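Shown next: work_2.cif, given as mmCIF, C-alpha atoms and all ligand atoms.
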data_final
loop_
_atom_site.label_atom_id
_atom_site.label_comp_id
_atom_site.auth_asym_id
_atom_site.auth_seq_id
_atom_site.Cartn_x
_atom_site.Cartn_y
_atom_site.Cartn_z
CA MET A 21 -11.41 -1.60 -15.71
CA GLY A 22 -13.65 -2.92 -12.90
CA GLU A 23 -15.44 -0.65 -10.46
CA THR A 24 -13.58 0.58 -7.38
CA PRO A 25 -14.27 -1.82 -4.50
CA ILE A 26 -16.24 -0.62 -1.49
CA ARG A 27 -13.81 -0.20 1.42
CA VAL A 28 -15.13 -1.90 4.55
CA ALA A 29 -14.18 -1.82 8.25
CA VAL A 30 -15.45 -4.61 10.48
CA CYS A 31 -15.78 -3.82 14.20
CA GLY A 32 -16.05 -6.82 16.52
CA ALA A 33 -13.79 -8.71 14.07
CA LEU A 34 -12.85 -11.42 16.61
CA GLY A 35 -16.47 -12.20 17.51
CA ARG A 36 -18.65 -14.98 16.09
CA MET A 37 -20.40 -12.67 13.60
CA GLY A 38 -17.36 -10.43 13.02
CA LYS A 39 -15.13 -13.30 11.87
CA GLU A 40 -17.79 -14.60 9.48
CA CYS A 41 -18.21 -11.06 8.18
CA CYS A 42 -14.44 -10.59 7.59
CA ARG A 43 -14.36 -13.87 5.63
CA THR A 44 -17.35 -12.74 3.56
CA VAL A 45 -15.81 -9.34 2.73
CA LEU A 46 -12.46 -10.94 1.85
CA ALA A 47 -14.19 -13.38 -0.51
CA ALA A 48 -16.18 -10.71 -2.40
CA ASP A 49 -14.44 -9.14 -5.44
CA ASP A 50 -16.30 -5.84 -5.12
CA LEU A 51 -15.55 -5.40 -1.39
CA GLN A 52 -12.23 -4.63 0.28
CA LEU A 53 -11.51 -5.19 3.97
CA THR A 54 -9.43 -2.13 4.86
CA ARG A 55 -9.79 -2.19 8.67
CA ALA A 56 -10.58 -4.85 11.27
CA VAL A 57 -11.18 -3.74 14.85
CA ASP A 58 -11.77 -5.59 18.11
CA ARG A 59 -11.24 -4.42 21.67
CA LEU A 60 -9.67 -7.82 22.39
CA SER A 61 -7.12 -7.27 19.65
CA ASP A 62 -3.62 -8.32 20.57
CA ASP A 63 -0.74 -9.10 18.28
CA ARG A 64 -2.50 -12.03 16.69
CA ALA A 65 -2.77 -11.53 12.94
CA LEU A 66 -6.29 -11.61 11.61
CA SER A 67 -5.28 -14.11 8.94
CA ALA A 68 -4.23 -16.64 11.59
CA GLU A 69 -7.52 -16.12 13.40
CA LEU A 70 -9.58 -16.52 10.21
CA GLY A 71 -7.46 -19.19 8.60
CA VAL A 72 -7.21 -17.13 5.37
CA GLU A 73 -4.51 -15.01 3.71
CA THR A 74 -4.82 -11.28 4.46
CA GLU A 75 -2.45 -8.40 5.12
CA ILE A 76 -4.94 -6.72 7.48
CA GLY A 77 -3.92 -6.49 11.12
CA LEU A 78 -6.28 -6.07 14.04
CA GLU A 79 -6.74 -2.68 15.66
CA LYS A 80 -8.15 -1.94 19.10
CA ASP A 81 -9.58 1.53 18.66
CA LEU A 82 -12.40 2.19 16.19
CA HIS A 83 -11.88 5.96 16.11
CA GLU A 84 -8.18 5.46 15.23
CA ALA A 85 -9.14 2.95 12.52
CA LEU A 86 -11.75 5.18 10.87
CA LYS A 87 -9.86 8.46 10.86
CA HIS A 88 -7.49 7.57 7.98
CA GLY A 89 -10.11 8.09 5.26
CA ASP A 90 -9.82 4.58 3.80
CA VAL A 91 -13.26 3.29 4.88
CA ASP A 92 -16.57 3.75 3.04
CA VAL A 93 -18.76 1.49 5.20
CA LEU A 94 -18.46 0.34 8.82
CA VAL A 95 -20.04 -3.01 9.74
CA ASP A 96 -20.51 -3.37 13.51
CA PHE A 97 -21.11 -6.65 15.37
CA THR A 98 -20.07 -5.79 18.92
CA HIS A 99 -22.20 -5.21 22.01
CA PRO A 100 -25.45 -3.28 22.60
CA ALA A 101 -23.63 -1.00 25.10
CA VAL A 102 -21.25 0.42 22.45
CA ALA A 103 -22.89 -0.03 19.02
CA ALA A 104 -24.74 3.32 18.97
CA GLU A 105 -21.51 5.13 19.89
CA HIS A 106 -19.74 3.30 17.04
CA ALA A 107 -22.42 4.39 14.56
CA ARG A 108 -22.10 7.97 15.82
CA MET A 109 -18.29 7.82 15.44
CA ALA A 110 -18.64 6.58 11.85
CA LEU A 111 -21.08 9.36 10.90
CA GLU A 112 -18.81 11.99 12.50
CA LEU A 113 -15.94 10.71 10.33
CA GLY A 114 -17.93 10.55 7.06
CA VAL A 115 -18.37 6.74 7.05
CA ALA A 116 -21.73 5.02 6.44
CA PRO A 117 -22.53 2.71 9.39
CA VAL A 118 -24.25 -0.68 8.93
CA ILE A 119 -25.01 -1.80 12.48
CA GLY A 120 -25.79 -5.48 13.03
CA THR A 121 -25.48 -5.38 16.82
CA SER A 122 -28.85 -5.86 18.49
CA GLY A 123 -30.59 -3.75 21.10
CA LEU A 124 -30.34 -0.14 19.90
CA SER A 125 -32.75 1.98 21.99
CA SER A 126 -35.34 4.26 20.41
CA GLU A 127 -33.42 7.24 21.90
CA ALA A 128 -30.20 6.07 20.22
CA LEU A 129 -32.03 5.63 16.90
CA ALA A 130 -33.53 9.13 17.14
CA ASP A 131 -30.07 10.54 17.88
CA LEU A 132 -28.50 8.70 14.89
CA THR A 133 -31.33 9.78 12.58
CA GLU A 134 -30.71 13.40 13.54
CA LEU A 135 -26.93 13.14 13.15
CA ALA A 136 -27.18 11.39 9.76
CA ALA A 137 -29.54 14.12 8.50
CA GLN A 138 -27.17 16.82 9.78
CA LYS A 139 -24.17 15.18 8.09
CA LYS A 140 -26.20 14.26 4.95
CA LEU A 141 -24.95 10.68 5.30
CA PRO A 142 -26.73 7.32 5.09
CA GLY A 143 -26.76 4.68 7.81
CA LEU A 144 -28.59 1.49 8.61
CA TRP A 145 -29.41 -0.60 11.67
CA VAL A 146 -30.31 -4.16 10.69
CA PRO A 147 -31.93 -6.19 13.50
CA ASN A 148 -31.70 -9.30 11.29
CA PHE A 149 -29.65 -9.78 8.11
CA ALA A 150 -31.24 -13.10 7.12
CA ILE A 151 -33.38 -12.50 4.01
CA GLY A 152 -35.97 -15.03 5.26
CA ALA A 153 -36.22 -13.22 8.60
CA VAL A 154 -36.85 -9.89 6.86
CA LEU A 155 -39.64 -11.57 4.88
CA MET A 156 -41.02 -13.14 8.10
CA MET A 157 -41.31 -9.64 9.63
CA GLN A 158 -43.01 -8.30 6.52
CA PHE A 159 -45.46 -11.24 6.44
CA ALA A 160 -46.19 -10.66 10.15
CA ALA A 161 -46.94 -6.99 9.44
CA MET A 162 -49.33 -8.09 6.67
CA ALA A 163 -51.06 -10.68 8.89
CA ALA A 164 -51.54 -8.16 11.74
CA LYS A 165 -53.93 -6.16 9.54
CA PHE A 166 -56.40 -9.04 9.65
CA LEU A 167 -55.34 -11.00 12.76
CA PRO A 168 -54.39 -8.45 15.44
CA HIS A 169 -53.90 -11.01 18.26
CA ALA A 170 -50.31 -12.23 18.13
CA GLU A 171 -47.54 -13.54 20.36
CA ILE A 172 -43.84 -14.02 19.55
CA ILE A 173 -41.57 -16.86 20.60
CA GLU A 174 -37.93 -16.08 19.87
CA LEU A 175 -35.29 -18.77 20.40
CA HIS A 176 -31.52 -18.17 20.49
CA HIS A 177 -28.24 -19.78 21.54
CA ASP A 178 -27.37 -19.55 25.25
CA ARG A 179 -24.46 -17.10 24.74
CA LYS A 180 -26.69 -14.29 23.50
CA VAL A 181 -26.28 -11.42 25.99
CA ASP A 182 -29.60 -9.62 25.53
CA ALA A 183 -33.30 -10.51 25.57
CA PRO A 184 -35.65 -10.07 23.86
CA SER A 185 -33.91 -10.13 20.47
CA GLY A 186 -33.82 -7.08 18.19
CA THR A 187 -35.85 -9.08 15.67
CA ALA A 188 -38.61 -9.77 18.20
CA THR A 189 -38.78 -6.12 19.25
CA ARG A 190 -38.93 -4.99 15.62
CA THR A 191 -41.58 -7.61 14.75
CA ALA A 192 -43.72 -6.50 17.71
CA SER A 193 -43.60 -2.87 16.68
CA LEU A 194 -44.46 -3.76 13.06
CA ILE A 195 -47.47 -5.76 14.31
CA GLN A 196 -48.63 -2.83 16.43
CA GLU A 197 -48.21 -0.33 13.56
CA ASN A 198 -50.29 -2.54 11.24
CA ARG A 199 -53.20 -3.52 13.53
CA ARG A 200 -56.42 -2.06 12.24
CA GLU A 201 -58.39 -2.75 15.40
CA PRO A 202 -57.45 -2.76 19.10
CA ILE A 203 -56.81 -6.16 20.67
CA GLN A 204 -59.09 -7.65 23.32
CA ARG A 205 -57.20 -8.54 26.50
CA PRO A 206 -57.75 -12.07 27.90
CA ILE A 207 -60.43 -11.95 30.63
CA GLN A 208 -57.97 -13.25 33.19
CA ASP A 209 -54.35 -12.25 32.62
CA GLU A 210 -53.00 -12.61 36.14
CA GLU A 211 -49.48 -14.04 36.41
CA LEU A 212 -49.25 -16.61 39.20
CA VAL A 213 -45.47 -16.59 38.64
CA PRO A 214 -43.91 -13.27 37.49
CA GLY A 215 -42.83 -13.51 33.86
CA ALA A 216 -45.21 -16.38 33.04
CA ARG A 217 -46.66 -14.34 30.16
CA GLY A 218 -43.23 -13.22 28.91
CA SER A 219 -42.41 -9.56 28.26
CA GLU A 220 -44.80 -7.17 26.56
CA ILE A 221 -43.64 -4.97 23.69
CA SER A 222 -46.07 -2.84 21.66
CA GLN A 223 -48.93 -4.91 23.11
CA VAL A 224 -47.40 -8.15 21.89
CA HIS A 225 -46.24 -10.80 24.41
CA VAL A 226 -42.70 -11.97 23.65
CA HIS A 227 -41.23 -15.21 25.02
CA SER A 228 -37.44 -15.60 24.92
CA VAL A 229 -35.89 -19.09 24.90
CA ARG A 230 -32.11 -19.50 25.39
CA LEU A 231 -30.66 -22.98 24.88
CA PRO A 232 -27.45 -24.58 23.60
CA GLY A 233 -28.00 -26.09 20.18
CA LEU A 234 -30.07 -23.17 18.91
CA LEU A 235 -28.78 -20.33 16.71
CA ALA A 236 -31.53 -17.77 15.85
CA HIS A 237 -35.19 -18.71 15.39
CA GLN A 238 -38.54 -16.99 15.70
CA GLU A 239 -42.19 -17.94 15.56
CA VAL A 240 -44.97 -15.38 15.27
CA VAL A 241 -48.32 -16.91 16.18
CA PHE A 242 -51.56 -15.19 15.19
CA GLY A 243 -54.84 -16.33 16.73
CA GLY A 244 -58.24 -15.77 15.10
CA GLN A 245 -61.74 -17.17 15.52
CA GLY A 246 -61.20 -20.96 15.24
CA GLU A 247 -57.88 -20.57 13.39
CA LEU A 248 -54.17 -20.11 14.01
CA LEU A 249 -51.48 -18.80 11.69
CA THR A 250 -47.81 -19.50 12.51
CA ILE A 251 -44.98 -17.77 10.66
CA ARG A 252 -41.59 -19.26 11.46
CA HIS A 253 -38.02 -18.53 10.46
CA ASP A 254 -34.84 -20.45 11.35
CA SER A 255 -31.21 -19.44 10.91
CA PHE A 256 -29.21 -22.68 11.12
CA ASP A 257 -25.74 -21.16 10.71
CA ARG A 258 -24.14 -17.70 10.62
CA GLY A 259 -23.82 -17.93 6.83
CA SER A 260 -27.57 -17.16 6.76
CA PHE A 261 -26.77 -13.54 7.67
CA MET A 262 -24.00 -12.96 5.14
CA GLU A 263 -26.01 -12.41 1.93
CA GLY A 264 -27.84 -9.66 3.82
CA VAL A 265 -24.57 -8.16 5.10
CA LYS A 266 -23.18 -7.96 1.53
CA PHE A 267 -26.46 -6.55 0.26
CA ALA A 268 -26.46 -3.86 2.99
CA VAL A 269 -22.81 -2.91 2.42
CA ARG A 270 -23.35 -2.66 -1.35
CA ASN A 271 -26.52 -0.60 -1.08
CA VAL A 272 -26.42 1.46 2.15
CA ARG A 273 -25.14 4.52 0.28
CA ARG A 274 -28.38 4.60 -1.76
CA LEU A 275 -30.29 5.56 1.42
CA GLU A 276 -31.13 9.11 2.34
CA GLY A 277 -30.47 9.31 6.06
CA PHE A 278 -30.57 6.63 8.76
CA ALA A 279 -32.97 3.70 8.37
CA VAL A 280 -33.92 0.58 10.32
CA GLY A 281 -34.19 -2.81 8.61
CA LEU A 282 -33.00 -4.35 5.36
CA GLU A 283 -36.52 -4.03 3.96
CA HIS A 284 -35.79 -0.39 3.02
CA LEU A 285 -33.16 -1.59 0.56
CA MET A 286 -35.26 -4.57 -0.64
CA GLU A 287 -38.02 -2.20 -1.72
CA LEU A 288 -40.43 -3.96 0.64
CA ALA A 289 -41.10 -1.02 2.95
P1 LIG B 1 -19.47 -11.99 20.17
O1 LIG B 1 -19.48 -11.75 21.65
O2 LIG B 1 -19.01 -13.30 19.64
O3 LIG B 1 -18.58 -10.86 19.47
C1 LIG B 1 -18.56 -9.51 19.81
C2 LIG B 1 -17.16 -8.98 19.54
O4 LIG B 1 -17.19 -7.56 19.71
C3 LIG B 1 -16.12 -9.54 20.54
O5 LIG B 1 -14.99 -10.06 19.83
C4 LIG B 1 -15.73 -8.32 21.38
O6 LIG B 1 -14.37 -8.33 21.81
C5 LIG B 1 -16.00 -7.17 20.40
N1 LIG B 1 -16.25 -5.89 21.05
C6 LIG B 1 -17.07 -5.63 22.10
N2 LIG B 1 -17.00 -4.31 22.45
C7 LIG B 1 -16.14 -3.74 21.58
C8 LIG B 1 -15.66 -2.41 21.40
N3 LIG B 1 -16.07 -1.42 22.21
N4 LIG B 1 -14.81 -2.17 20.38
C9 LIG B 1 -14.37 -3.16 19.58
N5 LIG B 1 -14.79 -4.44 19.71
C10 LIG B 1 -15.65 -4.73 20.69
O7 LIG B 1 -20.95 -11.66 19.68
P2 LIG B 1 -21.65 -12.13 18.32
O8 LIG B 1 -22.37 -13.42 18.53
O9 LIG B 1 -20.70 -11.99 17.19
O10 LIG B 1 -22.82 -11.02 18.21
C11 LIG B 1 -22.51 -9.63 18.13
C12 LIG B 1 -23.80 -8.83 18.03
O11 LIG B 1 -24.45 -9.13 16.78
C13 LIG B 1 -24.84 -9.16 19.11
O12 LIG B 1 -25.48 -7.97 19.51
C14 LIG B 1 -25.81 -10.09 18.40
O13 LIG B 1 -27.11 -10.06 18.97
C15 LIG B 1 -25.81 -9.47 17.02
N6 LIG B 1 -26.28 -10.31 15.93
C16 LIG B 1 -26.97 -9.71 14.94
C17 LIG B 1 -27.40 -10.42 13.84
C18 LIG B 1 -28.14 -9.70 12.75
O14 LIG B 1 -28.60 -10.36 11.78
N7 LIG B 1 -28.28 -8.39 12.82
C19 LIG B 1 -27.16 -11.80 13.75
C20 LIG B 1 -26.44 -12.41 14.78
C21 LIG B 1 -25.99 -11.66 15.86
#
Hey, can you dump this file as structure tokens for me?
Amino acid sequence: MGETPIRVAVCGALGRMGKECCRTVLAADDLQLTRAVDRLSDDRALSAELGVETEIGLEKDLHEALKHGDVDVLVDFTHPAVAAEHARMALELGVAPVIGTSGLSSEALADLTELAAQKKLPGLWVPNFAIGAVLMMQFAAMAAKFLPHAEIIELHHDRKVDAPSGTATRTASLIQENRREPIQRPIQDEELVPGARGSEISQVHVHSVRLPGLLAHQEVVFGGQGELLTIRHDSFDRGSFMEGVKFAVRNVRRLEGFAVGLEHLMELA
């Protein structure tokens, strides 16, 4: 007898990431798609939308979908305005949340950490599911120990609703945590046009590019005396995130409490 499959709900199932995620769960023998939720849900069958055979219908209300006790892990790809509430809902109902939606605030993360500890449940927010992107962030953290001066250029498709990206914010905070010496400010850092130097997160300037043709890309540039180190990652299609989604779903229940980043499960952190 094989092992019992992990029962998965996907929220945001009609979105670009949600659809890819439903396909991925349906194709994995050890995962079972028990619930698919999207606020845009109408009577369209999910199978028609995905172009694959499935009995699962679409539901509109996440709370309704999670309260039946047939979900082990919630995967959320929705909108920054609702993702923290979805994670909270999952924890309240005994479901482990894996949140892929970007832009969770530090207050929301603190709240989820507290709730997960209270409920003795695991949970994970993953700013970037691409394995290469996780490594890029870890390499950037390593480089910051020796080259504290860094700037980030993140590039995404023009339908992304938030800026800067969750990956850029996370990379900036990792750089700051790992700097061994304070950075020297440029002698003249006056902006002749507001925004010319990008945004500043954890003392790292972040430049956000939004253009059709792009998917998700990031360059972290470190400057030293007479040298430059560039670490770059490119996601060329949404499939690049799916190995990480499967890995997170399969392993999230190994975590004690709520964590940020796939690196905790990859034994990199
Ligand atoms: P999208 O707009 O294509 O899809 C979002 C879906 O969520 C839509 O179908 C929408 O109807 C649904 N939705 C919104 N609010 C809802 C609610 N309250 N309840 C149920 N469904 C709701 O967006 P997308 O391109 O799929 O991206 C979704 C999120 O994932 C974004 O925040 C994006 O930045 C993030 N993202 C993360 C990664 C990662 O690796 N972590 C990779 C790509 C995108």
Kindly compile the residues surrounding ligand LIG 1 (chain B) within 7 Å, counting only C-alpha atoms and all ligand atoms, and format them as a PyMOL selection string. chain A and resi 31-38+57-60+80-82+97-100+102+120-123+146-150+180+185+261
Within 12 Å of Ala170 (chain A) using only C-alpha atoms, minus same-chain residues under 2 positions, as a ChimeraX atom specification: /A:160-161,163-168,172-173,188,191-196,198-199,202-205,220-227,239-244,248-251
Restricting to all atoms listed in the file, whichever of A:Ala68, A:Ile26, A:Ala279, A:Leu235 is closest to Ala136 (chain A) is A:Ala279
Neighbouring residues of Ala104 (chain A) were defined as those with any atom within 10 Å, considering all atoms listed in the file; residues of the same chain fewer than 3 positions away were excluded. Please report them as a list of chain:residue names. A:Asp96, A:His99, A:Pro100, A:Ala101, A:Ala107, A:Arg108, A:Met109, A:Ala110, A:Pro117, A:Ile119, A:Thr121, A:Gly123, A:Leu124, A:Ser125, A:Glu127, A:Ala128, A:Leu129, A:Asp131, A:Leu132, A:Trp145
Could you check the closest approach to Met157 (chain A) for each of A:His253, A:His106, A:Lys140, A:Arg217 and tell me which residue wins, using all atoms listed in the file?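 Between A:His253, A:His106, A:Lys140, A:Arg217, the residue approaching Met157 (chain A) most closely is A:His253.
Picture a line from CA of Asp182 (chain A) to CA of Thr44 (chain A); it runs 25.3 Å.
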Nearest-residue call for Asp50 (chain A), choices A:Glu79, A:Glu73, A:Glu23, A:Asp90, using all atoms listed in the file: A:Glu23
Selected residue of minimal separation from Val30 (chain A) among A:Ser219, A:Glu134, A:Val265, A:Met156, counting all atoms listed in the file: A:Val265
Compute the distance from (-5.8, -5.0, 5.4) to each atom, counting all atoms listed in the file, keep the residues with any atom at most 9 Å away, and return them as a list in words; use the coordinates of the file.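 So the residues meeting the distance criterion are Gln52, Leu53, Thr54, Arg55, Ala56, Thr74, Glu75, Ile76, Gly77 and Leu78 of chain A.
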Would you mind reading off the distance between CA of Thr189 (chain A) and CA of Ala137 (chain A), one decimal, in Å?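 These two atoms are separated by 24.7 Å.
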Atom-to-atom span, CA of Arg258 (chain A) and CA of Glu171 (chain A), Å: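 Between CA of Arg258 (chain A) and CA of Glu171 (chain A) the gap is 25.7 Å.
Among the candidate residues A:Asp92, A:Glu197, A:Asp49, A:Glu287, the one lying nearest to Arg273 (chain A) is A:Asp92, with distances computed using only C-alpha atoms.
With only C-alpha atoms as the atoms that count, the minimum distance from Ile151 (chain A) to the choices A:Gly277, A:Gly264, A:Gly259, A:Val269 is reached by A:Gly264.
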Find the residues around Val118 (chain A) up to 6 Å (only C-alpha atoms counted), leave out those fewer than 4 positions away in its own chain, and share them as a ChimeraX atom specification. /A:94-95,144-145
Would you compute the box with edges along x, y and z of the file around region 143-150 of chain A, including every atom the file lists for it and 4 Å extra on each side, and give its centre and edge lengths in Å to one decimal, as AutoDock Vina command-line options?
--center_x -29.3 --center_y -4.2 --center_z 10.3 --size_x 13.2 --size_y 25.8 --size_z 14.4
Hey, what's within 10 Å of Asn271 (chain A) if we count all atoms listed in the file and toss same-chain stuff fewer than 5 positions away? As an MDAnalysis selection string, please? chainID A and resid 265:266 282 285:286
Give me region 240-250 of chain A from this structure - all heavy atoms, as an mmCIF file, in the first residue's frame.
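Listing of out.cif after writing:
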data_model
loop_
_atom_site.group_PDB
_atom_site.id
_atom_site.type_symbol
_atom_site.label_atom_id
_atom_site.label_comp_id
_atom_site.auth_asym_id
_atom_site.auth_seq_id
_atom_site.Cartn_x
_atom_site.Cartn_y
_atom_site.Cartn_z
ATOM 1 N N VAL A 240 21.582 41.061 -8.133
ATOM 2 C CA VAL A 240 22.119 41.691 -6.929
ATOM 3 C C VAL A 240 23.556 42.067 -7.270
ATOM 4 O O VAL A 240 24.352 41.196 -7.644
ATOM 5 C CB VAL A 240 22.096 40.741 -5.721
ATOM 6 C CG1 VAL A 240 22.375 41.516 -4.430
ATOM 7 C CG2 VAL A 240 20.771 40.009 -5.619
ATOM 8 N N VAL A 241 23.848 43.358 -7.192
ATOM 9 C CA VAL A 241 25.172 43.841 -7.609
ATOM 10 C C VAL A 241 25.938 44.310 -6.377
ATOM 11 O O VAL A 241 25.453 45.169 -5.630
ATOM 12 C CB VAL A 241 25.032 45.012 -8.612
ATOM 13 C CG1 VAL A 241 26.402 45.401 -9.171
ATOM 14 C CG2 VAL A 241 24.102 44.638 -9.752
ATOM 15 N N PHE A 242 27.095 43.725 -6.166
ATOM 16 C CA PHE A 242 27.957 44.088 -5.037
ATOM 17 C C PHE A 242 29.168 44.841 -5.576
ATOM 18 O O PHE A 242 29.822 44.382 -6.516
ATOM 19 C CB PHE A 242 28.461 42.837 -4.311
ATOM 20 C CG PHE A 242 27.363 42.080 -3.611
ATOM 21 C CD1 PHE A 242 26.643 41.112 -4.284
ATOM 22 C CD2 PHE A 242 27.058 42.352 -2.284
ATOM 23 C CE1 PHE A 242 25.627 40.414 -3.646
ATOM 24 C CE2 PHE A 242 26.037 41.665 -1.637
ATOM 25 C CZ PHE A 242 25.320 40.694 -2.320
ATOM 26 N N GLY A 243 29.463 46.003 -4.970
ATOM 27 C CA GLY A 243 30.618 46.783 -5.400
ATOM 28 C C GLY A 243 31.709 46.764 -4.345
ATOM 29 O O GLY A 243 31.433 46.961 -3.154
ATOM 30 N N GLY A 244 32.941 46.494 -4.772
ATOM 31 C CA GLY A 244 34.094 46.538 -3.857
ATOM 32 C C GLY A 244 35.166 47.422 -4.464
ATOM 33 O O GLY A 244 34.965 48.043 -5.516
ATOM 34 N N GLN A 245 36.327 47.467 -3.820
ATOM 35 C CA GLN A 245 37.427 48.282 -4.338
ATOM 36 C C GLN A 245 37.912 47.703 -5.665
ATOM 37 O O GLN A 245 38.520 46.625 -5.681
ATOM 38 C CB GLN A 245 38.556 48.280 -3.284
ATOM 39 C CG GLN A 245 39.638 49.305 -3.528
ATOM 40 C CD GLN A 245 39.063 50.722 -3.490
ATOM 41 O OE1 GLN A 245 38.302 51.071 -2.594
ATOM 42 N NE2 GLN A 245 39.422 51.531 -4.471
ATOM 43 N N GLY A 246 37.591 48.376 -6.786
ATOM 44 C CA GLY A 246 38.061 47.924 -8.105
ATOM 45 C C GLY A 246 37.448 46.628 -8.594
ATOM 46 O O GLY A 246 37.975 45.995 -9.509
ATOM 47 N N GLU A 247 36.324 46.197 -7.977
ATOM 48 C CA GLU A 247 35.694 44.954 -8.449
ATOM 49 C C GLU A 247 34.175 45.013 -8.281
ATOM 50 O O GLU A 247 33.645 45.806 -7.491
ATOM 51 C CB GLU A 247 36.249 43.731 -7.702
ATOM 52 C CG GLU A 247 35.982 43.736 -6.217
ATOM 53 C CD GLU A 247 36.438 42.448 -5.540
ATOM 54 O OE1 GLU A 247 36.600 41.434 -6.216
ATOM 55 O OE2 GLU A 247 36.611 42.486 -4.300
ATOM 56 N N LEU A 248 33.494 44.179 -9.042
ATOM 57 C CA LEU A 248 32.035 44.116 -9.012
ATOM 58 C C LEU A 248 31.618 42.645 -9.067
ATOM 59 O O LEU A 248 32.156 41.885 -9.859
ATOM 60 C CB LEU A 248 31.495 44.838 -10.257
ATOM 61 C CG LEU A 248 30.087 45.405 -10.203
ATOM 62 C CD1 LEU A 248 29.989 46.547 -9.191
ATOM 63 C CD2 LEU A 248 29.704 45.938 -11.591
ATOM 64 N N LEU A 249 30.675 42.282 -8.212
ATOM 65 C CA LEU A 249 30.143 40.920 -8.269
ATOM 66 C C LEU A 249 28.653 41.018 -8.569
ATOM 67 O O LEU A 249 27.921 41.724 -7.870
ATOM 68 C CB LEU A 249 30.341 40.213 -6.915
ATOM 69 C CG LEU A 249 29.608 38.878 -6.743
ATOM 70 C CD1 LEU A 249 30.174 37.800 -7.665
ATOM 71 C CD2 LEU A 249 29.671 38.402 -5.288
ATOM 72 N N THR A 250 28.190 40.315 -9.618
ATOM 73 C CA THR A 250 26.765 40.323 -9.954
ATOM 74 C C THR A 250 26.216 38.912 -9.801
ATOM 75 O O THR A 250 26.769 37.963 -10.361
ATOM 76 C CB THR A 250 26.552 40.797 -11.412
ATOM 77 O OG1 THR A 250 27.155 42.081 -11.552
ATOM 78 C CG2 THR A 250 25.078 40.913 -11.754
#
